[in-house]
file data.cif (mmCIF, C-alpha atoms)
data_structure
loop_
_atom_site.label_atom_id
_atom_site.label_comp_id
_atom_site.auth_asym_id
_atom_site.auth_seq_id
_atom_site.Cartn_x
_atom_site.Cartn_y
_atom_site.Cartn_z
CA ARG A 1 58.01 49.61 -4.72
CA LYS A 2 56.01 51.83 -7.05
CA ASN A 3 55.99 49.06 -9.66
CA ILE A 4 54.60 46.61 -7.08
CA ILE A 5 51.76 49.01 -6.22
CA VAL A 6 50.98 49.50 -9.90
CA GLN A 7 50.95 45.74 -10.46
CA LYS A 8 48.63 45.21 -7.47
CA GLU A 9 46.26 47.91 -8.73
CA ALA A 10 46.25 46.39 -12.22
CA SER A 11 45.61 42.92 -10.76
CA LEU A 12 42.78 44.28 -8.58
CA LYS A 13 41.24 46.11 -11.55
CA LYS A 14 41.44 42.96 -13.66
CA LYS A 15 39.77 40.98 -10.89
CA GLU A 16 37.00 43.58 -10.57
CA GLU A 17 36.41 43.47 -14.34
CA SER A 18 36.21 39.65 -14.27
CA GLU A 19 33.71 39.82 -11.40
CA LYS A 20 31.61 42.36 -13.31
CA ILE A 21 31.56 40.13 -16.39
CA LEU A 22 30.63 37.10 -14.29
CA ASN A 23 27.92 39.00 -12.42
CA SER A 24 26.53 40.36 -15.71
CA ALA A 25 26.46 36.85 -17.21
CA ILE A 26 24.60 35.51 -14.17
CA GLN A 27 22.08 38.37 -14.15
CA HIS A 28 21.27 38.02 -17.86
CA ALA A 29 21.27 34.20 -18.06
CA SER A 30 18.06 32.61 -19.36
CA ASP A 31 18.25 29.93 -16.65
CA ALA A 32 17.11 30.80 -13.14
CA ILE A 33 20.14 31.36 -10.89
CA ILE A 34 19.10 31.81 -7.26
CA ILE A 35 21.27 32.09 -4.17
CA ILE A 36 19.63 31.09 -0.87
CA ASN A 37 21.07 31.46 2.63
CA SER A 38 20.99 28.80 5.34
CA ASP A 39 17.68 30.20 6.66
CA GLY A 40 16.02 29.63 3.30
CA GLU A 41 15.97 33.31 2.36
CA ILE A 42 16.58 34.34 -1.24
CA ARG A 43 19.69 36.54 -1.52
CA SER A 44 20.13 36.73 -5.30
CA TRP A 45 17.57 36.67 -8.12
CA ASN A 46 18.46 37.03 -11.81
CA LYS A 47 16.43 37.83 -14.95
CA GLY A 48 16.13 34.13 -15.79
CA SER A 49 14.38 33.62 -12.45
CA LYS A 50 11.93 36.39 -13.33
CA MET A 51 11.26 34.81 -16.74
CA ILE A 52 10.61 31.37 -15.23
CA PHE A 53 8.75 32.20 -12.01
CA GLY A 54 7.20 35.57 -12.93
CA TYR A 55 8.45 37.53 -9.89
CA LYS A 56 10.64 40.63 -10.12
CA LYS A 57 13.91 40.84 -8.18
CA GLU A 58 12.52 43.30 -5.62
CA GLU A 59 9.59 40.94 -4.95
CA MET A 60 11.80 38.00 -4.04
CA ILE A 61 14.96 39.26 -2.32
CA GLY A 62 14.60 38.45 1.37
CA GLN A 63 11.63 36.14 0.76
CA LYS A 64 11.65 32.49 1.78
CA ILE A 65 12.29 29.92 -0.95
CA ASP A 66 9.15 28.02 0.12
CA ARG A 67 7.22 30.78 -1.65
CA LEU A 68 8.16 28.88 -4.80
CA PHE A 69 8.44 25.29 -3.60
CA SER A 70 6.54 23.22 -1.08
CA THR A 71 8.26 22.57 2.25
CA ASP A 72 8.08 18.82 1.64
CA GLN A 73 10.17 19.10 -1.52
CA LEU A 74 12.89 21.17 0.14
CA ALA A 75 12.95 19.49 3.55
CA ASN A 76 15.88 17.19 2.77
CA PHE A 77 17.82 19.55 0.53
CA PHE A 78 19.07 21.95 3.17
CA LYS A 79 20.04 19.16 5.55
CA GLN A 80 22.81 17.84 3.31
CA LYS A 81 26.04 19.46 2.19
CA SER A 82 26.31 17.45 -1.00
CA GLY A 83 24.73 18.74 -4.19
CA PHE A 84 21.58 17.56 -5.89
CA TYR A 85 21.72 17.08 -9.64
CA ASN A 86 19.01 16.38 -12.23
CA LEU A 87 16.35 17.69 -9.88
CA GLU A 88 12.76 17.78 -11.15
CA LEU A 89 10.49 19.89 -8.95
CA LYS A 90 7.00 21.32 -9.06
CA SER A 91 6.90 25.06 -8.44
CA ARG A 92 4.32 27.84 -8.14
CA HIS A 93 4.42 30.58 -10.76
CA LYS A 94 3.32 34.11 -9.88
CA ASN A 95 0.15 33.53 -11.93
CA THR A 96 -0.63 30.60 -9.53
CA LYS A 97 -0.07 27.98 -12.23
CA THR A 98 2.07 24.96 -11.44
CA ILE A 99 5.27 24.63 -13.47
CA THR A 100 7.92 21.93 -13.61
CA ILE A 101 11.57 22.88 -13.33
CA ALA A 102 14.76 20.86 -13.74
CA GLY A 103 18.09 21.88 -12.31
CA THR A 104 20.79 21.51 -9.71
CA LEU A 105 21.14 22.59 -6.10
CA THR A 106 24.67 22.95 -4.75
CA THR A 107 26.16 24.34 -1.55
CA ILE A 108 28.63 27.20 -1.26
CA LEU A 109 30.99 26.48 1.66
CA ASN A 110 33.23 28.75 3.65
CA ASP A 111 36.75 27.85 4.77
CA ALA A 112 35.41 25.96 7.79
CA LYS A 113 33.37 23.78 5.40
CA ASN A 114 30.12 24.98 6.90
CA SER A 115 27.17 25.47 4.58
CA VAL A 116 26.54 29.19 4.16
CA PHE A 117 24.57 29.52 0.92
CA TYR A 118 22.81 27.30 -1.61
CA LEU A 119 22.97 27.84 -5.34
CA LEU A 120 19.93 26.78 -7.36
CA ILE A 121 20.23 26.72 -11.16
CA ALA A 122 16.99 25.77 -12.88
CA ARG A 123 15.16 25.81 -16.20
CA ASP A 124 11.48 25.47 -17.04
CA ILE A 125 10.59 22.08 -18.56
CA THR A 126 6.79 22.40 -18.24
CA HIS A 127 6.20 22.41 -22.01
CA GLN A 128 8.69 19.59 -22.49
CA ILE A 129 6.83 17.42 -19.94
CA GLN A 130 3.49 18.30 -21.56
CA PHE A 131 4.87 17.38 -24.98
CA GLN A 132 6.15 14.05 -23.66
CA ASP A 133 2.76 13.31 -22.07
CA GLU A 134 0.93 14.21 -25.29
CA LEU A 135 3.36 12.08 -27.30
CA ALA A 136 2.85 9.12 -24.95
CA LEU A 137 -0.95 9.54 -25.24
CA LYS A 138 -0.78 9.67 -29.05
CA TYR A 139 1.45 6.58 -29.08
CA GLN A 140 -1.05 4.77 -26.87
CA LYS A 141 -3.91 5.73 -29.19
CA ILE A 142 -1.92 4.52 -32.20
CA GLN A 143 -1.33 1.20 -30.45
CA GLU A 144 -5.03 0.91 -29.63
CA ALA A 145 -5.89 1.73 -33.24
CA TYR A 146 -3.54 -0.99 -34.49
CA VAL A 147 -5.09 -3.50 -32.10
CA LYS A 148 -8.57 -2.48 -33.22
CA PHE A 149 -7.52 -2.60 -36.87
CA GLY A 150 -6.00 -6.03 -36.31
CA LEU A 151 -9.27 -7.30 -34.80
CA ILE A 152 -11.29 -5.89 -37.71
CA ARG A 153 -8.82 -7.45 -40.14
CA ARG A 154 -9.18 -10.84 -38.47
CA GLN A 155 -12.98 -10.53 -38.55
CA MET A 156 -12.89 -9.77 -42.26
CA ASP A 157 -10.55 -12.71 -42.85
CA TYR A 158 -13.01 -15.02 -41.09
CA ILE A 159 -15.90 -13.72 -43.21
CA PHE A 160 -13.95 -14.27 -46.43
CA GLU A 161 -12.95 -17.76 -45.32
CA ILE A 162 -16.57 -18.60 -44.55
CA LEU A 163 -17.60 -17.38 -48.01
CA ASP A 164 -14.88 -19.54 -49.56
CA LEU A 165 -16.17 -22.54 -47.62
CA LEU A 166 -19.70 -21.93 -48.87
CA ASP A 167 -18.41 -22.14 -52.45
CA SER A 168 -16.39 -25.27 -51.75
CA SER A 169 -17.35 -28.90 -51.35
CA TYR A 170 -17.43 -28.76 -47.55
CA GLY A 171 -20.61 -30.07 -46.00
CA LYS A 172 -23.00 -27.99 -43.93
CA LYS A 173 -21.66 -29.41 -40.66
CA SER A 174 -18.07 -28.40 -41.42
CA ILE A 175 -19.18 -24.92 -42.37
CA ALA A 176 -21.37 -24.65 -39.28
CA ASP A 177 -18.53 -25.79 -37.02
CA TYR A 178 -16.23 -23.18 -38.56
CA ILE A 179 -18.80 -20.42 -38.06
CA VAL A 180 -19.30 -21.40 -34.41
CA SER A 181 -15.55 -21.51 -33.76
CA SER A 182 -15.05 -18.13 -35.40
CA LEU A 183 -17.83 -16.50 -33.39
CA ILE A 184 -16.46 -17.89 -30.14
CA MET A 185 -13.01 -16.51 -30.97
CA LEU A 186 -14.27 -13.09 -32.09
CA THR A 187 -16.75 -12.49 -29.28
CA LYS A 188 -14.63 -14.28 -26.63
CA THR A 189 -17.68 -16.15 -25.37
CA ASP A 190 -17.53 -19.59 -23.77
CA ALA A 191 -20.08 -21.23 -26.08
CA CYS A 192 -22.13 -20.59 -29.20
CA VAL A 193 -25.16 -22.33 -30.74
CA LEU A 194 -25.86 -22.12 -34.47
CA ARG A 195 -29.42 -22.77 -35.61
CA LEU A 196 -30.27 -23.20 -39.30
CA TYR A 197 -33.42 -21.74 -40.86
CA ASN A 198 -35.67 -24.07 -42.84
CA LYS A 199 -37.45 -21.98 -45.48
CA GLU A 200 -39.94 -24.70 -46.46
CA LYS A 201 -41.13 -25.30 -42.89
CA ASN A 202 -40.37 -21.75 -41.66
CA THR A 203 -38.62 -23.15 -38.61
CA LEU A 204 -35.20 -23.14 -36.99
#

call {"tool": "encode", "arguments": {"input": "data.cif", "output": "structure tokens"}}
result
Amino acid sequence: RKNIIVQKEASLKKKEESEKILNSAIQHASDAIIIINSDGEIRSWNKGSKMIFGYKKEEMIGQKIDRLFSTDQLANFFKQKSGFYNLELKSRHKNTKTITIAGTLTTILNDAKNSVFYLLIARDITHQIQFQDELALKYQKIQEAYVKFGLIRRQMDYIFEILDLLDSSYGKKSIADYIVSSLIMLTKTDACVLRLYNKEKNTL
């Protein structure tokens, strides 16, 4: 009987040590790990949450989660018992700036399968989103530059071709027709008239 008591005490101590390690890991995680009750009140707030949202633990315990997120974003979350994965939400930082977070929201159920708490695990992706937007903008500018460069290149090609024609045996009419066609293509106009200057008579 004494051995059984000793074994139970050892098992209980081992369980307590495991819980301490788990709790310490949660509290010191760089990701935000927040536990919310069914009324939307924050019950647990770790150091990662403070790093991401700016609020200390004592500022957030007992506060409503809509202090961080708009009611519209969270309206459907607490109605369902299934988890939400790959969430991307806008949130309010303590400094009033808007940040973007990505994460998961899962439910913690009791034996009766009733939703008791919600577990939110999130990370800040604000800089990642900004980088992606900047990258997309730079890519767009590069594309525009290539288009512009291509237009300039085509314009130069037309000029060189006209100069080649002037040195060739083509008649004035052929050269004039080519110039008119080129100008219509480059300027995207519907029509173009080319008038020749007569130096002797000083007329067009």

call {"tool": "resolve_selection", "arguments": {"input": "data.cif", "expression": "the PyMOL selection byres ((chain A and resi 52) around 12)", "output": "ChimeraX atom specification"}}
result
/A:29-34,45-51,53-56,68,91-95,97-102,121-126

call {"tool": "residues_around", "arguments": {"input": "data.cif", "residues": "Ile36 in chain A", "least_positions_apart": "4", "cutoff": "12 Å", "atoms": "only C-alpha atoms", "output": "JSON, numbers by chain"}}
result
{"A": [40, 41, 42, 43, 44, 45, 60, 61, 62, 63, 64, 65, 66, 77, 78, 105, 106, 107, 108, 115, 116, 117, 118, 119, 120, 121]}

call {"tool": "atom_distance", "arguments": {"input": "data.cif", "atom1": "CA of Lys172 in chain A", "atom2": "CA of Arg195 in chain A"}}
result
11.7 Å

call {"tool": "resolve_selection", "arguments": {"input": "data.cif", "expression": "the PyMOL selection byres ((chain A and resi 178-183) around 9)", "output": "list in words"}}
result
Gln155, Tyr158, Ile159, Ile162, Lys173, Ser174, Ile175, Ala176, Asp177, Ile184, Met185, Leu186, Thr187, Lys188, Thr189, Ala191, Cys192, Val193 and Leu194 of chain A

call {"tool": "atom_distance", "arguments": {"input": "data.cif", "atom1": "CA of Gln130 in chain A", "atom2": "CA of Tyr146 in chain A"}}
result
24.3 Å
